[in-house]
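Structure below is data06.cif: mmCIF, N, CA and C atoms.
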```cif
data_structure
loop_
_atom_site.label_atom_id
_atom_site.label_comp_id
_atom_site.auth_asym_id
_atom_site.auth_seq_id
_atom_site.Cartn_x
_atom_site.Cartn_y
_atom_site.Cartn_z
N MET X 1 96.53 33.49 55.97
CA MET X 1 95.20 33.94 55.58
C MET X 1 94.18 32.86 55.94
N ARG X 2 93.20 33.23 56.74
CA ARG X 2 92.19 32.26 57.13
C ARG X 2 91.07 32.22 56.10
N LYS X 3 90.51 31.05 55.94
CA LYS X 3 89.39 30.87 55.02
C LYS X 3 88.10 31.13 55.78
N LEU X 4 87.27 32.00 55.25
CA LEU X 4 85.97 32.29 55.85
C LEU X 4 84.89 31.92 54.85
N LYS X 5 83.91 31.17 55.31
CA LYS X 5 82.80 30.85 54.42
C LYS X 5 81.79 31.99 54.38
N HIS X 6 81.87 32.87 55.37
CA HIS X 6 80.94 34.00 55.47
C HIS X 6 81.76 35.20 55.96
N ASN X 7 81.91 36.23 55.13
CA ASN X 7 82.75 37.39 55.47
C ASN X 7 81.92 38.68 55.31
N PRO X 8 80.96 38.91 56.21
CA PRO X 8 80.08 40.07 56.06
C PRO X 8 80.72 41.37 56.54
N ILE X 9 80.06 42.46 56.19
CA ILE X 9 80.45 43.77 56.73
C ILE X 9 80.02 43.82 58.19
N ILE X 10 80.95 44.17 59.06
CA ILE X 10 80.67 44.30 60.49
C ILE X 10 80.25 45.73 60.80
N GLY X 11 80.84 46.70 60.12
CA GLY X 11 80.50 48.10 60.34
C GLY X 11 81.31 48.99 59.43
N TYR X 12 81.33 50.29 59.79
CA TYR X 12 81.95 51.31 58.94
C TYR X 12 82.93 52.15 59.75
N LEU X 13 84.05 52.44 59.13
CA LEU X 13 85.11 53.27 59.72
C LEU X 13 85.10 54.64 59.07
N ALA X 14 85.50 55.66 59.83
CA ALA X 14 85.75 56.98 59.27
C ALA X 14 87.25 57.05 58.97
N ILE X 15 87.61 57.40 57.74
CA ILE X 15 89.00 57.41 57.29
C ILE X 15 89.41 58.85 56.97
N ASP X 16 90.61 59.23 57.46
CA ASP X 16 91.06 60.60 57.22
C ASP X 16 91.94 60.71 55.97
N LEU X 17 92.45 61.89 55.74
CA LEU X 17 93.23 62.18 54.53
C LEU X 17 94.52 61.38 54.44
N THR X 18 95.01 60.89 55.59
CA THR X 18 96.23 60.08 55.59
C THR X 18 95.92 58.58 55.53
N MET X 19 94.63 58.26 55.29
CA MET X 19 94.14 56.87 55.22
C MET X 19 94.23 56.17 56.58
N SER X 20 94.12 56.95 57.66
CA SER X 20 94.10 56.40 59.02
C SER X 20 92.67 56.45 59.54
N VAL X 21 92.37 55.56 60.48
CA VAL X 21 91.05 55.54 61.10
C VAL X 21 90.92 56.73 62.05
N ILE X 22 89.81 57.43 61.95
CA ILE X 22 89.54 58.57 62.84
C ILE X 22 88.91 58.02 64.12
N GLY X 23 89.54 58.37 65.25
CA GLY X 23 89.02 57.96 66.55
C GLY X 23 89.06 59.12 67.52
N PRO X 24 88.58 58.90 68.73
CA PRO X 24 88.59 59.97 69.74
C PRO X 24 90.02 60.41 70.05
N ALA X 25 90.22 61.72 70.18
CA ALA X 25 91.54 62.26 70.50
C ALA X 25 92.05 61.65 71.80
N GLY X 26 93.35 61.37 71.83
CA GLY X 26 93.97 60.86 73.04
C GLY X 26 93.76 59.37 73.26
N THR X 27 93.19 58.67 72.28
CA THR X 27 93.00 57.22 72.41
C THR X 27 93.66 56.52 71.23
N GLU X 28 93.84 55.25 71.38
CA GLU X 28 94.34 54.41 70.29
C GLU X 28 93.18 53.65 69.66
N TRP X 29 91.98 54.07 69.94
CA TRP X 29 90.79 53.38 69.47
C TRP X 29 90.65 53.40 67.96
N ASP X 30 90.20 52.28 67.44
CA ASP X 30 89.71 52.20 66.07
C ASP X 30 88.22 51.94 66.20
N PRO X 31 87.39 53.00 66.14
CA PRO X 31 85.95 52.81 66.30
C PRO X 31 85.28 52.39 65.00
N VAL X 32 84.32 51.50 65.13
CA VAL X 32 83.52 51.07 63.98
C VAL X 32 82.05 51.28 64.35
N PHE X 33 81.29 51.73 63.36
CA PHE X 33 79.89 52.11 63.58
C PHE X 33 78.98 51.31 62.66
N ALA X 34 77.72 51.17 63.07
CA ALA X 34 76.76 50.35 62.34
C ALA X 34 76.42 50.90 60.96
N THR X 35 76.53 52.21 60.78
CA THR X 35 76.18 52.81 59.49
C THR X 35 77.25 53.82 59.06
N GLU X 36 77.25 54.12 57.78
CA GLU X 36 78.18 55.14 57.25
C GLU X 36 77.86 56.50 57.86
N ASP X 37 76.58 56.81 58.03
CA ASP X 37 76.20 58.08 58.64
C ASP X 37 76.74 58.22 60.05
N ARG X 38 76.69 57.17 60.83
CA ARG X 38 77.22 57.23 62.20
C ARG X 38 78.74 57.42 62.19
N ALA X 39 79.41 56.83 61.22
CA ALA X 39 80.86 57.02 61.11
C ALA X 39 81.18 58.48 60.78
N ARG X 40 80.42 59.07 59.86
CA ARG X 40 80.61 60.49 59.52
C ARG X 40 80.31 61.39 60.72
N GLU X 41 79.23 61.09 61.43
CA GLU X 41 78.87 61.87 62.62
C GLU X 41 79.97 61.79 63.68
N ALA X 42 80.58 60.63 63.82
CA ALA X 42 81.66 60.46 64.79
C ALA X 42 82.86 61.33 64.44
N ALA X 43 83.22 61.37 63.16
CA ALA X 43 84.34 62.23 62.73
C ALA X 43 84.05 63.67 63.12
N LYS X 44 82.81 64.09 62.97
CA LYS X 44 82.40 65.44 63.34
C LYS X 44 82.53 65.63 64.86
N ARG X 45 82.01 64.66 65.64
CA ARG X 45 82.10 64.72 67.11
C ARG X 45 83.54 64.77 67.59
N TYR X 46 84.43 64.07 66.88
CA TYR X 46 85.84 64.03 67.26
C TYR X 46 86.61 65.24 66.75
N GLY X 47 85.91 66.20 66.12
CA GLY X 47 86.55 67.41 65.61
C GLY X 47 87.41 67.17 64.38
N GLN X 48 87.15 66.09 63.66
CA GLN X 48 87.96 65.73 62.51
C GLN X 48 87.21 65.78 61.18
N GLU X 49 86.04 66.41 61.19
CA GLU X 49 85.19 66.42 60.00
C GLU X 49 85.92 66.94 58.76
N LYS X 50 86.75 67.99 58.92
CA LYS X 50 87.42 68.55 57.75
C LYS X 50 88.51 67.63 57.20
N TYR X 51 88.91 66.63 57.98
CA TYR X 51 89.93 65.67 57.53
C TYR X 51 89.33 64.36 57.03
N LEU X 52 88.00 64.25 57.11
CA LEU X 52 87.33 63.02 56.68
C LEU X 52 87.45 62.86 55.17
N LEU X 53 88.07 61.79 54.73
CA LEU X 53 88.20 61.49 53.31
C LEU X 53 87.04 60.61 52.85
N MET X 54 86.70 59.61 53.67
CA MET X 54 85.66 58.66 53.26
C MET X 54 85.27 57.79 54.44
N THR X 55 84.21 57.02 54.24
CA THR X 55 83.91 55.94 55.16
C THR X 55 84.30 54.66 54.44
N SER X 56 84.59 53.63 55.22
CA SER X 56 85.03 52.37 54.62
C SER X 56 84.40 51.21 55.36
N GLU X 57 84.03 50.18 54.62
CA GLU X 57 83.48 48.99 55.25
C GLU X 57 84.57 48.26 56.02
N LEU X 58 84.19 47.67 57.12
CA LEU X 58 85.08 46.78 57.86
C LEU X 58 84.43 45.40 57.85
N TRP X 59 85.10 44.48 57.22
CA TRP X 59 84.59 43.11 57.05
C TRP X 59 85.06 42.24 58.20
N LEU X 60 84.43 41.11 58.39
CA LEU X 60 84.84 40.17 59.44
C LEU X 60 86.33 39.84 59.34
N GLY X 61 86.81 39.57 58.14
CA GLY X 61 88.23 39.24 57.96
C GLY X 61 89.14 40.34 58.47
N GLY X 62 88.73 41.59 58.32
CA GLY X 62 89.52 42.72 58.82
C GLY X 62 89.57 42.76 60.33
N VAL X 63 88.42 42.50 60.96
CA VAL X 63 88.39 42.47 62.44
C VAL X 63 89.28 41.35 62.95
N LEU X 64 89.16 40.17 62.35
CA LEU X 64 89.98 39.04 62.78
C LEU X 64 91.46 39.33 62.60
N GLY X 65 91.82 40.00 61.51
CA GLY X 65 93.22 40.35 61.28
C GLY X 65 93.77 41.27 62.36
N VAL X 66 92.97 42.26 62.75
CA VAL X 66 93.40 43.21 63.78
C VAL X 66 93.55 42.52 65.14
N VAL X 67 92.59 41.67 65.48
CA VAL X 67 92.58 41.06 66.81
C VAL X 67 93.45 39.81 66.89
N LEU X 68 93.32 38.91 65.93
CA LEU X 68 94.02 37.62 66.03
C LEU X 68 95.43 37.65 65.46
N ASP X 69 95.68 38.51 64.48
CA ASP X 69 96.99 38.54 63.83
C ASP X 69 97.83 39.74 64.26
N ASP X 70 97.29 40.61 65.08
CA ASP X 70 97.97 41.83 65.49
C ASP X 70 97.64 42.06 66.96
N THR X 71 97.98 43.20 67.48
CA THR X 71 97.70 43.50 68.90
C THR X 71 96.59 44.51 69.05
N GLY X 72 95.89 44.83 67.97
CA GLY X 72 94.89 45.88 67.99
C GLY X 72 93.56 45.46 68.59
N ASP X 73 92.70 46.46 68.68
CA ASP X 73 91.34 46.26 69.16
C ASP X 73 90.46 47.23 68.39
N ILE X 74 89.23 46.85 68.20
CA ILE X 74 88.27 47.71 67.53
C ILE X 74 87.11 47.90 68.47
N GLN X 75 86.77 49.15 68.73
CA GLN X 75 85.65 49.46 69.62
C GLN X 75 84.38 49.54 68.78
N MET X 76 83.31 48.93 69.28
CA MET X 76 82.09 48.79 68.50
C MET X 76 80.86 49.25 69.25
N ASP X 77 79.87 49.69 68.47
CA ASP X 77 78.55 49.92 69.04
C ASP X 77 77.85 48.56 69.11
N GLY X 78 76.65 48.53 69.64
CA GLY X 78 75.97 47.27 69.87
C GLY X 78 75.64 46.48 68.62
N LEU X 79 75.19 47.16 67.57
CA LEU X 79 74.83 46.45 66.35
C LEU X 79 76.06 45.82 65.69
N CYS X 80 77.17 46.53 65.69
CA CYS X 80 78.41 45.97 65.13
C CYS X 80 78.87 44.76 65.95
N ALA X 81 78.79 44.88 67.27
CA ALA X 81 79.18 43.76 68.14
C ALA X 81 78.32 42.54 67.86
N GLN X 82 77.02 42.77 67.69
CA GLN X 82 76.11 41.67 67.39
C GLN X 82 76.44 41.05 66.02
N ARG X 83 76.75 41.90 65.04
CA ARG X 83 77.14 41.39 63.72
C ARG X 83 78.40 40.53 63.81
N LEU X 84 79.38 41.00 64.61
CA LEU X 84 80.62 40.26 64.79
C LEU X 84 80.34 38.88 65.38
N VAL X 85 79.53 38.83 66.41
CA VAL X 85 79.21 37.56 67.07
C VAL X 85 78.54 36.60 66.08
N ARG X 86 77.54 37.10 65.36
CA ARG X 86 76.81 36.24 64.41
C ARG X 86 77.73 35.73 63.30
N ALA X 87 78.59 36.60 62.80
CA ALA X 87 79.51 36.20 61.73
C ALA X 87 80.50 35.15 62.23
N CYS X 88 80.99 35.33 63.46
CA CYS X 88 81.91 34.34 64.04
C CYS X 88 81.20 33.01 64.21
N GLN X 89 79.99 33.05 64.72
CA GLN X 89 79.24 31.81 64.92
C GLN X 89 79.03 31.08 63.59
N ARG X 90 78.71 31.81 62.54
CA ARG X 90 78.51 31.18 61.22
C ARG X 90 79.78 30.57 60.67
N ASN X 91 80.93 31.07 61.14
CA ASN X 91 82.22 30.56 60.68
C ASN X 91 82.85 29.57 61.66
N GLY X 92 82.15 29.26 62.74
CA GLY X 92 82.70 28.32 63.72
C GLY X 92 83.83 28.91 64.55
N ILE X 93 83.86 30.23 64.69
CA ILE X 93 84.90 30.91 65.47
C ILE X 93 84.34 31.16 66.87
N ALA X 94 85.05 30.73 67.89
CA ALA X 94 84.58 30.85 69.27
C ALA X 94 84.52 32.32 69.70
N VAL X 95 83.50 32.64 70.49
CA VAL X 95 83.36 33.97 71.07
C VAL X 95 83.17 33.82 72.58
N ASN X 96 83.47 34.88 73.29
CA ASN X 96 83.37 34.89 74.75
C ASN X 96 81.90 35.05 75.14
N GLN X 97 81.29 33.98 75.59
CA GLN X 97 79.86 34.00 75.90
C GLN X 97 79.50 34.98 77.02
N ALA X 98 80.41 35.18 77.97
CA ALA X 98 80.14 36.13 79.06
C ALA X 98 79.98 37.54 78.50
N VAL X 99 80.82 37.90 77.53
CA VAL X 99 80.73 39.22 76.89
C VAL X 99 79.51 39.29 75.98
N VAL X 100 79.27 38.22 75.24
CA VAL X 100 78.14 38.18 74.30
C VAL X 100 76.83 38.47 75.03
N LYS X 101 76.68 37.95 76.23
CA LYS X 101 75.45 38.13 77.01
C LYS X 101 75.21 39.59 77.38
N THR X 102 76.25 40.41 77.36
CA THR X 102 76.11 41.82 77.74
C THR X 102 75.79 42.73 76.55
N ILE X 103 75.82 42.20 75.34
CA ILE X 103 75.64 43.03 74.14
C ILE X 103 74.18 43.45 73.98
N ASP X 104 74.00 44.76 73.83
CA ASP X 104 72.69 45.34 73.54
C ASP X 104 72.78 45.93 72.13
N ALA X 105 72.08 45.33 71.18
CA ALA X 105 72.16 45.75 69.78
C ALA X 105 71.71 47.19 69.58
N LYS X 106 70.95 47.75 70.53
CA LYS X 106 70.46 49.13 70.40
C LYS X 106 71.47 50.15 70.91
N GLU X 107 72.55 49.68 71.55
CA GLU X 107 73.55 50.58 72.13
C GLU X 107 74.32 51.29 71.01
N GLU X 108 74.26 52.62 71.00
CA GLU X 108 74.94 53.39 69.96
C GLU X 108 76.32 53.86 70.37
N GLU X 109 76.64 53.75 71.65
CA GLU X 109 77.98 54.13 72.13
C GLU X 109 78.95 52.98 71.87
N LEU X 110 80.24 53.31 71.85
CA LEU X 110 81.29 52.31 71.61
C LEU X 110 81.60 51.58 72.92
N ARG X 111 80.78 50.65 73.28
CA ARG X 111 80.90 49.94 74.55
C ARG X 111 81.53 48.56 74.43
N TYR X 112 81.74 48.08 73.23
CA TYR X 112 82.16 46.69 73.06
C TYR X 112 83.52 46.59 72.37
N SER X 113 84.35 45.74 72.92
CA SER X 113 85.71 45.52 72.44
C SER X 113 85.73 44.24 71.60
N SER X 114 86.21 44.35 70.38
CA SER X 114 86.32 43.16 69.53
C SER X 114 87.26 42.15 70.16
N ARG X 115 88.30 42.64 70.81
CA ARG X 115 89.27 41.74 71.45
C ARG X 115 88.62 40.94 72.59
N GLN X 116 87.77 41.62 73.38
CA GLN X 116 87.09 40.92 74.47
C GLN X 116 86.09 39.90 73.92
N ILE X 117 85.40 40.25 72.84
CA ILE X 117 84.42 39.34 72.25
C ILE X 117 85.13 38.08 71.74
N LEU X 118 86.33 38.24 71.19
CA LEU X 118 87.04 37.11 70.59
C LEU X 118 88.00 36.40 71.54
N THR X 119 88.12 36.87 72.78
CA THR X 119 89.00 36.22 73.75
C THR X 119 88.19 35.21 74.53
N VAL X 120 88.49 33.95 74.28
CA VAL X 120 87.72 32.88 74.91
C VAL X 120 88.53 32.26 76.03
#
```
Hey, can you dump this file as structure tokens for me?
Amino acid sequence: MRKLKHNPIIGYLAIDLTMSVIGPAGTEWDPVFATEDRAREAAKRYGQEKYLLMTSELWLGGVLGVVLDDTGDIQMDGLCAQRLVRACQRNGIAVNQAVVKTIDAKEEELRYSSRQILTV
């Protein structure tokens, strides 16, 4: 367990009735969105609205666990990616500057990979 001096919410996940993250069909994506409303809208877009149980916060520690302690990746919109970068910087965690330079906080599509951001 890593110690974080700053563990903010990075974004919101859509969670289904089996307590799994709702993502696009045919992908292994775990998408995270800047707001709870966007997470709910995504479940609807993915045709999973009737299986949506709740939205859930995803904290920095959760992202780090998926990427650094496991083999997963979390796909993010621009605001979530920006939040991840800022939270890592506040905790002294290195981020990939080449990827950071491409982040547009206004981007609402899932264009950013947490794994790429954290791979230095």
- Item | Matched chain/residue IDs from the PyMOL selection byres ((chain X and resi 15-22) around 6.5), as a ChimeraX atom specification | /X:13-14,23-24,29-31,43,51-56
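Atom N of X:Glu41 is positioned 15.6 Å from atom CA of X:Cys80.
Considering all atoms listed in the file, the residue among X:Gly78, X:Asp37, X:Ile9, X:Leu4 positioned nearest to X:Glu107 is X:Gly78.
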- Query: On this structure, which residues satisfy the PyMOL selection byres (((chain X and resi 7 and name CA) around 7) and name CA), written as a VMD selection string?
  - Reply: chain X and resid 4 to 6 8 to 9 59 to 61
- For the atom pair atom CA of X:Ala39 and atom N of X:Ile74, what is the interatomic distance in Å to one decimal place? 15.0 Å
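Taking only C-alpha atoms into account, X:Tyr12 lies nearest to X:Thr35 out of the set X:Ser114, X:Gln82, X:Thr119, X:Thr35.
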- Task: Rounded to one decimal place, report the atom N of X:Gly26-atom C of X:Val66 distance in Å.
- Result: 20.0 Å
- Task: For the structure provided, state which residues fall under the PyMOL selection byres ((chain X and resi 120) around 8), and present them as a PyMOL selection string.
- Result: chain X and resi 94-97+115-119
Residues of chain X in alpha helix (DSSP H) according to DSSP, as a tab-separated table (two decimals) with N, CA and C atoms, keeping the file's coordinate frame?
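So part.tsv came out as:
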```
chain	number	residue	atom	x	y	z
X	36	GLU	N	77.25	54.12	57.78
X	36	GLU	CA	78.18	55.14	57.25
X	36	GLU	C	77.86	56.50	57.86
X	37	ASP	N	76.58	56.81	58.03
X	37	ASP	CA	76.20	58.08	58.64
X	37	ASP	C	76.74	58.22	60.05
X	38	ARG	N	76.69	57.17	60.83
X	38	ARG	CA	77.22	57.23	62.20
X	38	ARG	C	78.74	57.42	62.19
X	39	ALA	N	79.41	56.83	61.22
X	39	ALA	CA	80.86	57.02	61.11
X	39	ALA	C	81.18	58.48	60.78
X	40	ARG	N	80.42	59.07	59.86
X	40	ARG	CA	80.61	60.49	59.52
X	40	ARG	C	80.31	61.39	60.72
X	41	GLU	N	79.23	61.09	61.43
X	41	GLU	CA	78.87	61.87	62.62
X	41	GLU	C	79.97	61.79	63.68
X	42	ALA	N	80.58	60.63	63.82
X	42	ALA	CA	81.66	60.46	64.79
X	42	ALA	C	82.86	61.33	64.44
X	43	ALA	N	83.22	61.37	63.16
X	43	ALA	CA	84.34	62.23	62.73
X	43	ALA	C	84.05	63.67	63.12
X	44	LYS	N	82.81	64.09	62.97
X	44	LYS	CA	82.40	65.44	63.34
X	44	LYS	C	82.53	65.63	64.86
X	45	ARG	N	82.01	64.66	65.64
X	45	ARG	CA	82.10	64.72	67.11
X	45	ARG	C	83.54	64.77	67.59
X	60	LEU	N	84.43	41.11	58.39
X	60	LEU	CA	84.84	40.17	59.44
X	60	LEU	C	86.33	39.84	59.34
X	61	GLY	N	86.81	39.57	58.14
X	61	GLY	CA	88.23	39.24	57.96
X	61	GLY	C	89.14	40.34	58.47
X	62	GLY	N	88.73	41.59	58.32
X	62	GLY	CA	89.52	42.72	58.82
X	62	GLY	C	89.57	42.76	60.33
X	63	VAL	N	88.42	42.50	60.96
X	63	VAL	CA	88.39	42.47	62.44
X	63	VAL	C	89.28	41.35	62.95
X	64	LEU	N	89.16	40.17	62.35
X	64	LEU	CA	89.98	39.04	62.78
X	64	LEU	C	91.46	39.33	62.60
X	65	GLY	N	91.82	40.00	61.51
X	65	GLY	CA	93.22	40.35	61.28
X	65	GLY	C	93.77	41.27	62.36
X	66	VAL	N	92.97	42.26	62.75
X	66	VAL	CA	93.40	43.21	63.78
X	66	VAL	C	93.55	42.52	65.14
X	67	VAL	N	92.59	41.67	65.48
X	67	VAL	CA	92.58	41.06	66.81
X	67	VAL	C	93.45	39.81	66.89
X	68	LEU	N	93.32	38.91	65.93
X	68	LEU	CA	94.02	37.62	66.03
X	68	LEU	C	95.43	37.65	65.46
X	78	GLY	N	76.65	48.53	69.64
X	78	GLY	CA	75.97	47.27	69.87
X	78	GLY	C	75.64	46.48	68.62
X	79	LEU	N	75.19	47.16	67.57
X	79	LEU	CA	74.83	46.45	66.35
X	79	LEU	C	76.06	45.82	65.69
X	80	CYS	N	77.17	46.53	65.69
X	80	CYS	CA	78.41	45.97	65.13
X	80	CYS	C	78.87	44.76	65.95
X	81	ALA	N	78.79	44.88	67.27
X	81	ALA	CA	79.18	43.76	68.14
X	81	ALA	C	78.32	42.54	67.86
X	82	GLN	N	77.02	42.77	67.69
X	82	GLN	CA	76.11	41.67	67.39
X	82	GLN	C	76.44	41.05	66.02
X	83	ARG	N	76.75	41.90	65.04
X	83	ARG	CA	77.14	41.39	63.72
X	83	ARG	C	78.40	40.53	63.81
X	84	LEU	N	79.38	41.00	64.61
X	84	LEU	CA	80.62	40.26	64.79
X	84	LEU	C	80.34	38.88	65.38
X	85	VAL	N	79.53	38.83	66.41
X	85	VAL	CA	79.21	37.56	67.07
X	85	VAL	C	78.54	36.60	66.08
X	86	ARG	N	77.54	37.10	65.36
X	86	ARG	CA	76.81	36.24	64.41
X	86	ARG	C	77.73	35.73	63.30
X	87	ALA	N	78.59	36.60	62.80
X	87	ALA	CA	79.51	36.20	61.73
X	87	ALA	C	80.50	35.15	62.23
X	88	CYS	N	80.99	35.33	63.46
X	88	CYS	CA	81.91	34.34	64.04
X	88	CYS	C	81.20	33.01	64.21
X	89	GLN	N	79.99	33.05	64.72
X	89	GLN	CA	79.24	31.81	64.92
X	89	GLN	C	79.03	31.08	63.59
X	90	ARG	N	78.71	31.81	62.54
X	90	ARG	CA	78.51	31.18	61.22
X	90	ARG	C	79.78	30.57	60.67
X	97	GLN	N	81.29	33.98	75.59
X	97	GLN	CA	79.86	34.00	75.90
X	97	GLN	C	79.50	34.98	77.02
X	98	ALA	N	80.41	35.18	77.97
X	98	ALA	CA	80.14	36.13	79.06
X	98	ALA	C	79.98	37.54	78.50
X	99	VAL	N	80.82	37.90	77.53
X	99	VAL	CA	80.73	39.22	76.89
X	99	VAL	C	79.51	39.29	75.98
X	100	VAL	N	79.27	38.22	75.24
X	100	VAL	CA	78.14	38.18	74.30
X	100	VAL	C	76.83	38.47	75.03
X	114	SER	N	86.21	44.35	70.38
X	114	SER	CA	86.32	43.16	69.53
X	114	SER	C	87.26	42.15	70.16
X	115	ARG	N	88.30	42.64	70.81
X	115	ARG	CA	89.27	41.74	71.45
X	115	ARG	C	88.62	40.94	72.59
X	116	GLN	N	87.77	41.62	73.38
X	116	GLN	CA	87.09	40.92	74.47
X	116	GLN	C	86.09	39.90	73.92
X	117	ILE	N	85.40	40.25	72.84
X	117	ILE	CA	84.42	39.34	72.25
X	117	ILE	C	85.13	38.08	71.74
X	118	LEU	N	86.33	38.24	71.19
X	118	LEU	CA	87.04	37.11	70.59
X	118	LEU	C	88.00	36.40	71.54
```
- Task: Name the residues of chain X that fall into strand (DSSP E) according to DSSP on the backbone, using the chain letters and numbers of this document, as a ChimeraX atom specification.
- Result: /X:9-16,30-32,52-59,74-76,112-113
Please, what is the axis-aligned box for every listed atom of stretch 76-95 of chain X with 4 Å on each side, as centre and edge lengths in Å to one decimal, as AutoDock Vina command-line options?
```
--center_x 79.9 --center_y 39.1 --center_z 66.6 --size_x 18.2 --size_y 29.6 --size_z 19.9
```
- Message: So, with only C-alpha atoms as the atoms that count, which of X:Val63, X:Met76, X:Thr102, X:Ala42 lies closest to X:Cys88?
- Response: X:Val63
